[in-house]
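Here the structure comes first, spelled out in structure tokens, and everything after it is commentary.
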Amino acid sequence: MKPTQAVTEDGVAYRDLNGNGVMDPYEDPRLSPEERVADLLPRLSLEEKVGLLFQTVIEVGPGGTLLETSGHISKSPTSTVVRHKHINHFNVHKLESAAEAASWNNALQALAEQNPHGIPVTISTDPRHSFTENSGVAFSAGPFSQWPDALGLAALDDDDAIRDFARRAGNEYRAVGIRAALHPQIDLATEPRWARQLQTFGADEERVSRYTRAYLSGFQGDALGPGSVACVTKHFPGGGPQKDGEDAHFPYGREQVYTAEAFQTHLQPFIAAIEAGTAGIMPYYGMPVGLTIDGEQIEEVGFGYNRQILTGLLREKLGFDGVILTDWELVNDNYVGEQVLPARAWGVEHLDARGRMLKILEAGADQFGGEECTDVLLDLVRIGLVDERRLDQSARRLLLVKFQLGLFDNPYVDVDQAVEVVGSAENAAAGLRAQARSLVILENRDQFLPLRGTPRIYVEGVDPVVLEGRAHVVSDPAEADLAIVRVSAPFQPRNDLFLEDYFHQGDLEFAPGLIYRLQQIAHSTRLHVDVALDRPAILEPLTGLVSGLTVSFGVSDEALLLALTGGIEPRGVLPVEIPRSMHAVRASHESILGTVNPLYSVGDGLRLGSDSEAASRA
């Protein structure tokens with residue numbers, strides 16, 4: 001192993017990353033990131049440059065060791081991708097504990113030091129501070145503090161609260177070595193059926209733009225630096241208007257549809273993100289159908305392949321010069337066990353891997369998400385189809401972020417400090433408070449809420465343990481003073497393609513059996529229903545049954561009870577619309593917020609003690 005810690009004759013401490021005994025300019029911590037990039041880039045071999053242009057999934061070995069086999073999703077041993085393919089951007093999946101995560105980061109960085117120029121690894125993650133568990137979207141909190149999902153943060157309608165979350169989450173990320181966030185997801189959730197709404201900030205462009213600025217401020221700070229987590233904002237130019245609400249992860253959801261005016265609306269949060277200095281932007285899988293911008297027909301290929309969108313619009317018109325990272329697996333099919341997820345090569349399915357990669361580079365992307373096929377890109381350069389100067393353009397952007405984050409000077413973390421910071425009591429309490437405050441009260445007949453005293457309560461979907469000391473739990477609704485029932489938004493299960501079972505898609509209507517059971521409970525006692533919404537549901541069948549109705553976007557049972565009893569006042573407002581019927585959903589355009597005569601509108605929400613039939617919405 002080459003030693004890296006060194007000191008110059010005049011006392012400057014540096015890391016001798018290439019092991020030549022001299023502090024080269026790229027190793028000099030006194031120089032600007034731009035100066036250091038300019039020195040390092042010409043030193044790199046073709047293989048090192050190519051490795052920079054890939055970001056793939058990585059998994060942690062037992063006890064925080066390096067995994068030297070393929071994983072559940074990761075394809076190759078760690079040493080293969082780091083030492084032989086020279087890849088140094090990784091999207092980490094499951095993390096069991098803060099200590100293991102920090103130890104693993106340190107082992108991974110030590111491995112990367114052995115490469116010719118010691119380029120440190122940038123570890124990224126999908127959201128992991130809330131409740132969602134979906135390998136293609138987000139991870140539940142685990143050892144990290146637990147907060148509402150992004151729609152729940154939006155329900156707070158409080159820029160300072162969102163900034164505070166992002167600051168705390170960023171501190172926890174940095175403690176274990178995660179320096180890049182594959183979020184925020186700022187697509188406008190204008191299509192009620194879309195499966196990916198829970199990680200958005202809702203449907204209203206003005207609110208989403210505000211929340212985006214606050215979120216980026218919390219994670220990145222005023223400018224990207226050693227105290228930052230670099231954010232990759234997604235999915236440009238707005239992935240919400242999926243045709244018929246089907247998601248673009250899957251072949252049947254490859255089309256996105258916009259009206260000309262709505263396209264400009266969906267762009268607004270991204271303009272805010274660029275102004276706020278987002279380090280990266282990720283285009284979505286979807287391909288635009290029938291889209292015209294300024295009189296120009298847009299090619300009907302996935303946005304990651306689309307030069308008019310990535311170069312013409314994002315680079316040239318909007319002036320973004322940060323990293324463009326494609327969404328995952330645009331080039332190769334993904335086989336996991338006995339299932340497959342076809343490459344999201346929408347509109348270019350006929351191209352082979354080389355043709356797809358070439359088109360992505362020509363479109364203007366800097367990095368291939370979810371891929372590790374460095375051999376394909378090396379071949380494209382060697383046969384003259386890709387100029388090495390094109391690699392330099394992207395490598396320069398990618399290296400700049402690493403230098404700005406301070407990774408070349410110290411990519412290691414303190415394991416003991418990680419244990420103290422991640423999931424700290426202070427952060428956990430703040431997360432619980434945010435959960436309770438994010439609860440949205442939609443119906444509160446006769447000021448049913450807040451709950452008072454120690455009533456006899458019948459529960460379904462609620463852990464009875466959280467009621468200890470607050471109520472007497474009974475097993476028969478007929479014996480109860482009230483019933484509290486938690487249900488989830490309906491969906492139509494699918495499980496043919498890999499990841500498909502995680503995506504809740506299809507109609508938004510509850511099954512008739514559930515409505516019948518709730519009717520029977522309501523005949524016996526007063527009923528409160530909380531609906532966990534990962535997307536809107538048709539709630540009208542519930543409104544005639546309940547004394548109280550709330551919706552939640554990542555709220556634990558404990559936080560729910562704190563909110564219902566007034567221990568922490570719920571102040572949530574709807575970040576999305578609740579349609580009155582599936583007929584209204586089908587009759588509306590996917591790219592436009594608003595269905596005919598909605599049951600509840602964006603911004604609706606009651607305060608405790610206010611009556612749904614008398615009080616104005618908050």
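Lettering and numbering for the structure tokens are positional, with chains as A, B, ... in the shown order, residues counted from 1 in each chain, and ligands counted from 1 in the shown order.
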
Quiz prompt | DSSP helix (DSSP H, G or I) residues within stretch 449-505 of chain A, as a PyMOL selection string | solution = chain A and resi 464-467+477-479+500-502

With stretch 239-258 of chain A as the partner and 10 Å as the cut-off, tabulate the residues of stretch 430-501 of chain A that qualify, each row holding the nearest pair of atoms and their distance in Å to one decimal, using only C-alpha atoms, sorted by chain and rising number, as a Markdown table.
| residue | atom | partner | partner_atom | distance |
| --- | --- | --- | --- | --- |
| A:Leu497 | CA | A:Phe250 | CA | 7.9 |
| A:Phe498 | CA | A:Phe250 | CA | 9.4 |
| A:Leu499 | CA | A:His249 | CA | 8.7 |
| A:Glu500 | CA | A:Phe250 | CA | 7.9 |

What does the file look like for those residues with N, CA and C atoms, as an mmCIF file, in the first residue's frame?
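Done, and the output landed in result-v4.cif:
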data_model
loop_
_atom_site.group_PDB
_atom_site.id
_atom_site.type_symbol
_atom_site.label_atom_id
_atom_site.label_comp_id
_atom_site.auth_asym_id
_atom_site.auth_seq_id
_atom_site.Cartn_x
_atom_site.Cartn_y
_atom_site.Cartn_z
ATOM 1 N N LEU A 497 -42.185 -7.819 -13.568
ATOM 2 C CA LEU A 497 -40.839 -7.299 -13.775
ATOM 3 C C LEU A 497 -40.168 -6.998 -12.438
ATOM 4 N N PHE A 498 -38.854 -7.012 -12.397
ATOM 5 C CA PHE A 498 -38.107 -6.662 -11.197
ATOM 6 C C PHE A 498 -38.488 -5.249 -10.748
ATOM 7 N N LEU A 499 -38.689 -5.092 -9.467
ATOM 8 C CA LEU A 499 -39.078 -3.843 -8.793
ATOM 9 C C LEU A 499 -40.568 -3.529 -8.918
ATOM 10 N N GLU A 500 -41.281 -4.206 -9.814
ATOM 11 C CA GLU A 500 -42.663 -3.811 -10.096
ATOM 12 C C GLU A 500 -43.550 -3.910 -8.860
#

Exercise. Name the residues in contact with A:Ile484 at a cut-off of 6 Å, using only C-alpha atoms, excluding same-chain residues fewer than 5 positions from it; report them as a PyMOL selection string.
Key: chain A and resi 459+528-529

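Minimum distance to A:Leu606 across A:Gly567, A:Asp496, A:Leu442, A:Pro450 (counting only C-alpha atoms) occurs at A:Leu442.
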
Quiz item: Leaving out stretch 396-407 of chain A and any residue of its chain fewer than 5 positions from it, which residues lie within 7 Å of it when counting only C-alpha atoms, given as a list in words?
Solution: Pro33, Glu34, Val37, Leu41, Pro120, Leu224, Gly225, Pro226, Ser228, Gly322 and Val323 of chain A

Take the residues that were just selected and, keeping all heavy atoms, output them as a tab-separated table (two decimals), in the first residue's frame.
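File produced: again19.tsv:
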chain	number	residue	atom	x	y	z
A	33	PRO	N	-10.44	24.44	-6.19
A	33	PRO	CA	-10.87	23.21	-6.87
A	33	PRO	C	-10.65	23.24	-8.37
A	33	PRO	O	-10.25	22.24	-8.96
A	33	PRO	CB	-12.36	23.13	-6.51
A	33	PRO	CG	-12.45	23.82	-5.19
A	33	PRO	CD	-11.47	24.95	-5.29
A	34	GLU	N	-10.88	24.38	-8.99
A	34	GLU	CA	-10.72	24.49	-10.44
A	34	GLU	C	-9.25	24.28	-10.83
A	34	GLU	O	-8.95	23.60	-11.83
A	34	GLU	CB	-11.21	25.85	-10.92
A	34	GLU	CG	-12.71	26.04	-10.85
A	34	GLU	CD	-13.23	26.37	-9.45
A	34	GLU	OE1	-12.39	26.59	-8.53
A	34	GLU	OE2	-14.46	26.43	-9.27
A	37	VAL	N	-8.39	20.55	-10.48
A	37	VAL	CA	-8.94	19.76	-11.59
A	37	VAL	C	-8.07	19.95	-12.83
A	37	VAL	O	-7.74	18.97	-13.54
A	37	VAL	CB	-10.40	20.17	-11.89
A	37	VAL	CG1	-10.88	19.52	-13.19
A	37	VAL	CG2	-11.31	19.78	-10.74
A	41	LEU	N	-6.61	16.41	-14.44
A	41	LEU	CA	-7.24	15.80	-15.61
A	41	LEU	C	-6.23	15.33	-16.67
A	41	LEU	O	-6.35	14.21	-17.17
A	41	LEU	CB	-8.26	16.78	-16.21
A	41	LEU	CG	-9.13	16.24	-17.33
A	41	LEU	CD1	-9.92	15.01	-16.88
A	41	LEU	CD2	-10.10	17.32	-17.82
A	120	PRO	N	-10.60	9.71	-4.73
A	120	PRO	CA	-11.49	9.20	-3.69
A	120	PRO	C	-12.86	8.84	-4.24
A	120	PRO	O	-13.27	9.31	-5.31
A	120	PRO	CB	-11.58	10.36	-2.70
A	120	PRO	CG	-11.32	11.57	-3.53
A	120	PRO	CD	-10.34	11.15	-4.59
A	224	LEU	N	-21.21	24.81	-2.53
A	224	LEU	CA	-20.69	23.46	-2.34
A	224	LEU	C	-19.31	23.53	-1.69
A	224	LEU	O	-18.42	24.24	-2.18
A	224	LEU	CB	-20.61	22.75	-3.69
A	224	LEU	CG	-20.87	21.25	-3.70
A	224	LEU	CD1	-22.27	20.94	-3.16
A	224	LEU	CD2	-20.73	20.71	-5.12
A	225	GLY	N	-19.14	22.82	-0.58
A	225	GLY	CA	-17.87	22.84	0.14
A	225	GLY	C	-17.71	21.60	0.99
A	225	GLY	O	-18.53	20.67	0.94
A	226	PRO	N	-16.66	21.54	1.82
A	226	PRO	CA	-16.40	20.36	2.64
A	226	PRO	C	-17.53	20.02	3.62
A	226	PRO	O	-17.62	18.88	4.07
A	226	PRO	CB	-15.12	20.73	3.39
A	226	PRO	CG	-14.44	21.71	2.49
A	226	PRO	CD	-15.55	22.51	1.88
A	228	SER	N	-20.71	20.15	2.79
A	228	SER	CA	-21.91	19.93	1.97
A	228	SER	C	-22.15	18.46	1.69
A	228	SER	O	-21.24	17.64	1.71
A	228	SER	CB	-21.76	20.65	0.62
A	228	SER	OG	-21.54	22.02	0.76
A	322	GLY	N	-23.56	22.03	-14.22
A	322	GLY	CA	-23.21	20.98	-13.27
A	322	GLY	C	-23.27	19.61	-13.92
A	322	GLY	O	-23.30	19.47	-15.14
A	323	VAL	N	-23.29	18.59	-13.08
A	323	VAL	CA	-23.26	17.21	-13.55
A	323	VAL	C	-24.65	16.76	-13.99
A	323	VAL	O	-25.63	16.97	-13.25
A	323	VAL	CB	-22.74	16.28	-12.44
A	323	VAL	CG1	-22.89	14.81	-12.84
A	323	VAL	CG2	-21.29	16.61	-12.12

Exercise. Might you pull out every residue within 8 Å of stretch 50-56 of chain A, with only C-alpha atoms counted and same-chain residues fewer than 5 positions away left off, and present them as a ChimeraX atom specification?
Key: /A:74,85-91,366-372,374,377-378,391,394-395,398

Quiz item: Taking into account only C-alpha atoms, which residue in the set A:Ala223, A:Pro570, A:Gly21, A:Val57 is nearest to A:Glu329?
Solution: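 Of the candidates, the smallest distance to A:Glu329 is held by A:Val57.
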
Which residues of stretch 247-313 of chain A have any atom within 12 Å of an atom in stretch 198-216 of chain A when counting only C-alpha atoms, and what is the closest pair of atoms for each, with the distance in Å to one decimal? Order the rows by chain and rising number and write it as CSV.
residue,atom,partner,partner_atom,distance
A:Ala262,CA,A:Glu205,CA,10.5
A:Phe263,CA,A:Glu205,CA,11.4
A:Gln264,CA,A:Glu205,CA,10.2
A:Thr265,CA,A:Glu205,CA,6.7
A:His266,CA,A:Glu205,CA,7.0
A:Leu267,CA,A:Glu205,CA,8.6
A:Gln268,CA,A:Glu205,CA,6.4
A:Pro269,CA,A:Ser209,CA,4.4
A:Phe270,CA,A:Ser209,CA,7.7
A:Ile271,CA,A:Ser209,CA,8.3
A:Ala272,CA,A:Ser209,CA,5.7
A:Ala273,CA,A:Arg213,CA,6.3
A:Ile274,CA,A:Arg213,CA,9.4
A:Glu275,CA,A:Arg213,CA,8.4
A:Ala276,CA,A:Arg213,CA,5.9
A:Gly277,CA,A:Leu216,CA,7.9
A:Thr278,CA,A:Leu216,CA,6.8
A:Ala279,CA,A:Leu216,CA,9.4
A:Gly280,CA,A:Leu216,CA,11.2

Quiz item: Counting only C-alpha atoms, which of A:Tyr516, A:Val232, A:Ala154, A:Pro148 gets nearest to A:Ala181?
Solution: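 For A:Ala181, the nearest of the given residues is A:Val232.
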
Quiz item: Of the candidates A:Gly177, A:Pro29, A:Gly218, A:Gly554, which shows the shortest atom-to-atom distance to A:Ile123, using only C-alpha atoms?
Solution: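 The shortest atom-to-atom distance to A:Ile123 comes from A:Gly177.
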
Quiz item: Can you tell me how far atom CA of A:Val576 sits from atom CA of A:Ala141, in Å to one decimal?
Solution: 23.9 Å

Can you tell me which residues surround A:Arg167 at a distance of at most 12 Å, considering only C-alpha atoms, apart from same-chain residues fewer than 5 positions away, and format the answer as an mmCIF file with all heavy atoms, in the first residue's frame?
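File produced: out_30.cif:
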data_model
loop_
_atom_site.group_PDB
_atom_site.id
_atom_site.type_symbol
_atom_site.label_atom_id
_atom_site.label_comp_id
_atom_site.auth_asym_id
_atom_site.auth_seq_id
_atom_site.Cartn_x
_atom_site.Cartn_y
_atom_site.Cartn_z
ATOM 1 N N ASP A 160 -38.577 26.665 6.613
ATOM 2 C CA ASP A 160 -37.559 26.498 7.652
ATOM 3 C C ASP A 160 -37.516 25.063 8.157
ATOM 4 O O ASP A 160 -36.436 24.535 8.455
ATOM 5 C CB ASP A 160 -37.827 27.455 8.811
ATOM 6 C CG ASP A 160 -37.573 28.902 8.447
ATOM 7 O OD1 ASP A 160 -36.787 29.156 7.497
ATOM 8 O OD2 ASP A 160 -38.152 29.794 9.091
ATOM 9 N N ALA A 161 -38.673 24.421 8.274
ATOM 10 C CA ALA A 161 -38.705 23.029 8.728
ATOM 11 C C ALA A 161 -38.049 22.114 7.707
ATOM 12 O O ALA A 161 -37.341 21.159 8.067
ATOM 13 C CB ALA A 161 -40.147 22.600 8.981
ATOM 14 N N ILE A 162 -38.264 22.380 6.429
ATOM 15 C CA ILE A 162 -37.635 21.568 5.388
ATOM 16 C C ILE A 162 -36.130 21.780 5.388
ATOM 17 O O ILE A 162 -35.346 20.825 5.263
ATOM 18 C CB ILE A 162 -38.249 21.901 4.020
ATOM 19 C CG1 ILE A 162 -39.702 21.410 3.977
ATOM 20 C CG2 ILE A 162 -37.433 21.290 2.882
ATOM 21 C CD1 ILE A 162 -40.470 21.839 2.757
ATOM 22 N N GLU A 172 -26.062 13.603 9.163
ATOM 23 C CA GLU A 172 -26.023 12.151 9.350
ATOM 24 C C GLU A 172 -25.361 11.465 8.150
ATOM 25 O O GLU A 172 -24.599 10.506 8.313
ATOM 26 C CB GLU A 172 -27.428 11.617 9.597
ATOM 27 C CG GLU A 172 -28.024 12.089 10.921
ATOM 28 C CD GLU A 172 -29.321 11.382 11.290
ATOM 29 O OE1 GLU A 172 -29.725 10.435 10.576
ATOM 30 O OE2 GLU A 172 -29.938 11.779 12.294
ATOM 31 N N TYR A 173 -25.659 11.941 6.961
ATOM 32 C CA TYR A 173 -25.002 11.401 5.770
ATOM 33 C C TYR A 173 -23.479 11.552 5.880
ATOM 34 O O TYR A 173 -22.717 10.600 5.676
ATOM 35 C CB TYR A 173 -25.474 12.135 4.516
ATOM 36 C CG TYR A 173 -26.792 11.697 3.918
ATOM 37 C CD1 TYR A 173 -27.560 10.687 4.485
ATOM 38 C CD2 TYR A 173 -27.257 12.301 2.751
ATOM 39 C CE1 TYR A 173 -28.765 10.301 3.916
ATOM 40 C CE2 TYR A 173 -28.453 11.924 2.168
ATOM 41 C CZ TYR A 173 -29.208 10.924 2.761
ATOM 42 O OH TYR A 173 -30.387 10.537 2.182
ATOM 43 N N ARG A 174 -23.046 12.777 6.154
ATOM 44 C CA ARG A 174 -21.607 13.040 6.178
ATOM 45 C C ARG A 174 -20.905 12.216 7.253
ATOM 46 O O ARG A 174 -19.750 11.807 7.079
ATOM 47 C CB ARG A 174 -21.333 14.527 6.416
ATOM 48 C CG ARG A 174 -21.703 15.419 5.247
ATOM 49 C CD ARG A 174 -21.023 16.780 5.341
ATOM 50 N NE ARG A 174 -21.085 17.330 6.681
ATOM 51 C CZ ARG A 174 -22.114 18.006 7.189
ATOM 52 N NH1 ARG A 174 -23.185 18.205 6.428
ATOM 53 N NH2 ARG A 174 -22.074 18.486 8.404
ATOM 54 N N ALA A 214 -35.189 25.528 -0.156
ATOM 55 C CA ALA A 214 -34.892 25.268 1.251
ATOM 56 C C ALA A 214 -34.138 23.956 1.425
ATOM 57 O O ALA A 214 -33.188 23.862 2.215
ATOM 58 C CB ALA A 214 -36.193 25.245 2.057
ATOM 59 N N TYR A 215 -34.556 22.951 0.702
ATOM 60 C CA TYR A 215 -33.947 21.620 0.796
ATOM 61 C C TYR A 215 -32.487 21.665 0.354
ATOM 62 O O TYR A 215 -31.590 21.137 1.035
ATOM 63 C CB TYR A 215 -34.752 20.683 -0.090
ATOM 64 C CG TYR A 215 -34.560 19.200 0.101
ATOM 65 C CD1 TYR A 215 -35.393 18.478 0.953
ATOM 66 C CD2 TYR A 215 -33.589 18.502 -0.610
ATOM 67 C CE1 TYR A 215 -35.266 17.105 1.093
ATOM 68 C CE2 TYR A 215 -33.457 17.130 -0.471
ATOM 69 C CZ TYR A 215 -34.294 16.436 0.379
ATOM 70 O OH TYR A 215 -34.161 15.078 0.508
ATOM 71 N N LEU A 216 -32.241 22.305 -0.788
ATOM 72 C CA LEU A 216 -30.867 22.405 -1.278
ATOM 73 C C LEU A 216 -30.002 23.236 -0.339
ATOM 74 O O LEU A 216 -28.820 22.924 -0.128
ATOM 75 C CB LEU A 216 -30.861 23.009 -2.685
ATOM 76 C CG LEU A 216 -31.446 22.117 -3.781
ATOM 77 C CD1 LEU A 216 -31.588 22.896 -5.088
ATOM 78 C CD2 LEU A 216 -30.582 20.879 -4.001
ATOM 79 N N SER A 217 -30.569 24.272 0.253
ATOM 80 C CA SER A 217 -29.837 25.078 1.215
ATOM 81 C C SER A 217 -29.410 24.240 2.411
ATOM 82 O O SER A 217 -28.275 24.358 2.903
ATOM 83 C CB SER A 217 -30.696 26.259 1.675
ATOM 84 O OG SER A 217 -30.087 26.946 2.745
ATOM 85 N N GLY A 218 -30.301 23.368 2.898
ATOM 86 C CA GLY A 218 -29.970 22.542 4.045
ATOM 87 C C GLY A 218 -28.898 21.518 3.756
ATOM 88 O O GLY A 218 -28.015 21.270 4.587
ATOM 89 N N PHE A 219 -28.946 20.881 2.598
ATOM 90 C CA PHE A 219 -27.968 19.846 2.265
ATOM 91 C C PHE A 219 -26.641 20.424 1.778
ATOM 92 O O PHE A 219 -25.571 19.958 2.162
ATOM 93 C CB PHE A 219 -28.517 18.904 1.191
ATOM 94 C CG PHE A 219 -29.264 17.720 1.737
ATOM 95 C CD1 PHE A 219 -30.652 17.664 1.668
ATOM 96 C CD2 PHE A 219 -28.595 16.675 2.327
ATOM 97 C CE1 PHE A 219 -31.347 16.579 2.177
ATOM 98 C CE2 PHE A 219 -29.278 15.581 2.847
ATOM 99 C CZ PHE A 219 -30.654 15.521 2.765
ATOM 100 N N GLN A 220 -26.686 21.418 0.902
ATOM 101 C CA GLN A 220 -25.473 21.911 0.254
ATOM 102 C C GLN A 220 -24.883 23.134 0.928
ATOM 103 O O GLN A 220 -23.693 23.411 0.746
ATOM 104 C CB GLN A 220 -25.760 22.240 -1.217
ATOM 105 C CG GLN A 220 -26.123 21.039 -2.062
ATOM 106 C CD GLN A 220 -26.104 21.331 -3.548
ATOM 107 O OE1 GLN A 220 -26.082 20.415 -4.356
ATOM 108 N NE2 GLN A 220 -26.116 22.585 -3.949
ATOM 109 N N GLY A 221 -25.694 23.909 1.689
ATOM 110 C CA GLY A 221 -25.235 25.184 2.201
ATOM 111 C C GLY A 221 -25.307 26.248 1.129
ATOM 112 O O GLY A 221 -25.892 26.060 0.059
ATOM 113 N N ASP A 222 -24.693 27.391 1.405
ATOM 114 C CA ASP A 222 -24.735 28.489 0.450
ATOM 115 C C ASP A 222 -23.939 28.176 -0.815
ATOM 116 O O ASP A 222 -24.238 28.686 -1.890
ATOM 117 C CB ASP A 222 -24.193 29.767 1.095
ATOM 118 C CG ASP A 222 -25.080 30.264 2.218
ATOM 119 O OD1 ASP A 222 -26.294 29.964 2.201
ATOM 120 O OD2 ASP A 222 -24.553 30.931 3.135
ATOM 121 N N GLY A 227 -18.380 20.974 3.930
ATOM 122 C CA GLY A 227 -19.503 20.711 4.823
ATOM 123 C C GLY A 227 -20.787 20.366 4.100
ATOM 124 O O GLY A 227 -21.841 20.269 4.723
ATOM 125 N N SER A 228 -20.712 20.146 2.786
ATOM 126 C CA SER A 228 -21.905 19.934 1.971
ATOM 127 C C SER A 228 -22.152 18.459 1.689
ATOM 128 O O SER A 228 -21.243 17.638 1.714
ATOM 129 C CB SER A 228 -21.764 20.651 0.619
ATOM 130 O OG SER A 228 -21.545 22.023 0.761
ATOM 131 N N VAL A 229 -23.403 18.171 1.362
ATOM 132 C CA VAL A 229 -23.780 16.964 0.647
ATOM 133 C C VAL A 229 -24.278 17.431 -0.723
ATOM 134 O O VAL A 229 -25.216 18.223 -0.806
ATOM 135 C CB VAL A 229 -24.873 16.170 1.381
ATOM 136 C CG1 VAL A 229 -25.375 15.016 0.510
ATOM 137 C CG2 VAL A 229 -24.357 15.646 2.707
ATOM 138 N N ASN A 427 -32.061 14.421 16.904
ATOM 139 C CA ASN A 427 -32.608 14.286 15.559
ATOM 140 C C ASN A 427 -33.861 13.421 15.544
ATOM 141 O O ASN A 427 -34.819 13.696 14.805
ATOM 142 C CB ASN A 427 -31.560 13.697 14.619
ATOM 143 C CG ASN A 427 -30.480 14.701 14.250
ATOM 144 O OD1 ASN A 427 -30.557 15.872 14.598
ATOM 145 N ND2 ASN A 427 -29.451 14.232 13.570
ATOM 146 N N ALA A 430 -36.729 15.504 16.735
ATOM 147 C CA ALA A 430 -37.140 16.452 15.691
ATOM 148 C C ALA A 430 -37.915 15.737 14.598
ATOM 149 O O ALA A 430 -38.905 16.261 14.068
ATOM 150 C CB ALA A 430 -35.917 17.158 15.112
#

Self-check item: Neighbour list for A:Asp333 as a list in words, cut-off 9 Å, only C-alpha atoms, skip fewer than 2 positions in-chain
Solution: Glu329, Leu330, Val331, Tyr335, Val340, Leu341, Pro342, Ala343 and Arg344 of chain A

Write the residues you've just listed into a file as a tab-separated table (two decimals), in the first residue's frame, and include all heavy atoms for each of them.
chain	number	residue	atom	x	y	z
A	329	GLU	N	-29.71	2.48	-15.50
A	329	GLU	CA	-29.81	1.38	-16.46
A	329	GLU	C	-30.53	1.75	-17.75
A	329	GLU	O	-31.54	1.16	-18.12
A	329	GLU	CB	-30.46	0.15	-15.80
A	329	GLU	CG	-29.61	-0.40	-14.67
A	329	GLU	CD	-30.39	-1.21	-13.67
A	329	GLU	OE1	-31.63	-1.22	-13.73
A	329	GLU	OE2	-29.75	-1.82	-12.81
A	330	LEU	N	-29.99	2.74	-18.41
A	330	LEU	CA	-30.47	3.09	-19.74
A	330	LEU	C	-29.83	2.23	-20.82
A	330	LEU	O	-30.31	2.20	-21.95
A	330	LEU	CB	-30.21	4.56	-20.05
A	330	LEU	CG	-31.31	5.57	-19.70
A	330	LEU	CD1	-31.60	5.57	-18.22
A	330	LEU	CD2	-30.93	6.97	-20.18
A	331	VAL	N	-28.74	1.56	-20.49
A	331	VAL	CA	-27.94	0.88	-21.50
A	331	VAL	C	-28.21	-0.62	-21.53
A	331	VAL	O	-28.41	-1.21	-22.60
A	331	VAL	CB	-26.44	1.15	-21.27
A	331	VAL	CG1	-25.59	0.36	-22.27
A	331	VAL	CG2	-26.14	2.64	-21.37
A	335	TYR	N	-30.89	-8.04	-14.76
A	335	TYR	CA	-31.41	-9.34	-14.33
A	335	TYR	C	-31.11	-9.52	-12.85
A	335	TYR	O	-29.95	-9.44	-12.41
A	335	TYR	CB	-30.76	-10.47	-15.13
A	335	TYR	CG	-31.19	-10.50	-16.58
A	335	TYR	CD1	-30.50	-9.78	-17.55
A	335	TYR	CD2	-32.30	-11.24	-16.98
A	335	TYR	CE1	-30.90	-9.80	-18.87
A	335	TYR	CE2	-32.71	-11.27	-18.30
A	335	TYR	CZ	-32.00	-10.54	-19.25
A	335	TYR	OH	-32.40	-10.56	-20.56
A	340	VAL	N	-36.41	-9.78	-14.63
A	340	VAL	CA	-35.66	-8.84	-15.44
A	340	VAL	C	-36.36	-7.48	-15.39
A	340	VAL	O	-37.58	-7.38	-15.24
A	340	VAL	CB	-35.57	-9.31	-16.92
A	340	VAL	CG1	-36.95	-9.37	-17.56
A	340	VAL	CG2	-34.63	-8.40	-17.72
A	341	LEU	N	-35.55	-6.43	-15.46
A	341	LEU	CA	-36.06	-5.08	-15.69
A	341	LEU	C	-35.38	-4.59	-16.97
A	341	LEU	O	-34.17	-4.34	-16.97
A	341	LEU	CB	-35.73	-4.17	-14.51
A	341	LEU	CG	-36.35	-2.77	-14.56
A	341	LEU	CD1	-37.87	-2.83	-14.64
A	341	LEU	CD2	-35.91	-1.94	-13.37
A	342	PRO	N	-36.13	-4.50	-18.07
A	342	PRO	CA	-35.50	-4.10	-19.34
A	342	PRO	C	-34.86	-2.72	-19.23
A	342	PRO	O	-35.32	-1.85	-18.49
A	342	PRO	CB	-36.68	-4.07	-20.32
A	342	PRO	CG	-37.72	-4.96	-19.70
A	342	PRO	CD	-37.56	-4.78	-18.22
A	343	ALA	N	-33.76	-2.54	-19.97
A	343	ALA	CA	-33.13	-1.22	-20.04
A	343	ALA	C	-34.18	-0.19	-20.42
A	343	ALA	O	-35.01	-0.41	-21.31
A	343	ALA	CB	-32.00	-1.23	-21.05
A	344	ARG	N	-34.13	0.97	-19.76
A	344	ARG	CA	-35.11	2.02	-20.06
A	344	ARG	C	-34.62	2.82	-21.28
A	344	ARG	O	-34.35	4.01	-21.20
A	344	ARG	CB	-35.31	2.91	-18.85
A	344	ARG	CG	-36.38	2.40	-17.91
A	344	ARG	CD	-36.03	1.13	-17.17
A	344	ARG	NE	-35.30	1.44	-15.95
A	344	ARG	CZ	-34.55	0.56	-15.31
A	344	ARG	NH1	-34.38	-0.66	-15.77
A	344	ARG	NH2	-33.94	0.89	-14.20

Please return as a tab-separated table (two decimals) with N, CA and C atoms, in the first residue's frame: the residues of stretch 339-381 of chain A that backbone DSSP assigns to strand (DSSP E or B).
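In the end it all went to result27.tsv:
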chain	number	residue	atom	x	y	z
A	339	GLN	N	-36.00	-12.52	-12.30
A	339	GLN	CA	-36.74	-11.42	-12.91
A	339	GLN	C	-35.81	-10.53	-13.73
A	340	VAL	N	-36.41	-9.78	-14.63
A	340	VAL	CA	-35.66	-8.84	-15.44
A	340	VAL	C	-36.36	-7.48	-15.39
A	341	LEU	N	-35.55	-6.43	-15.46
A	341	LEU	CA	-36.06	-5.08	-15.69
A	341	LEU	C	-35.38	-4.59	-16.97
A	367	GLN	N	-22.68	11.23	-16.90
A	367	GLN	CA	-22.44	10.00	-16.15
A	367	GLN	C	-23.57	9.02	-16.39
A	368	PHE	N	-23.20	7.74	-16.51
A	368	PHE	CA	-24.16	6.66	-16.74
A	368	PHE	C	-24.58	6.08	-15.39
A	369	GLY	N	-25.84	6.25	-15.05
A	369	GLY	CA	-26.35	5.74	-13.79
A	369	GLY	C	-26.67	4.26	-13.85
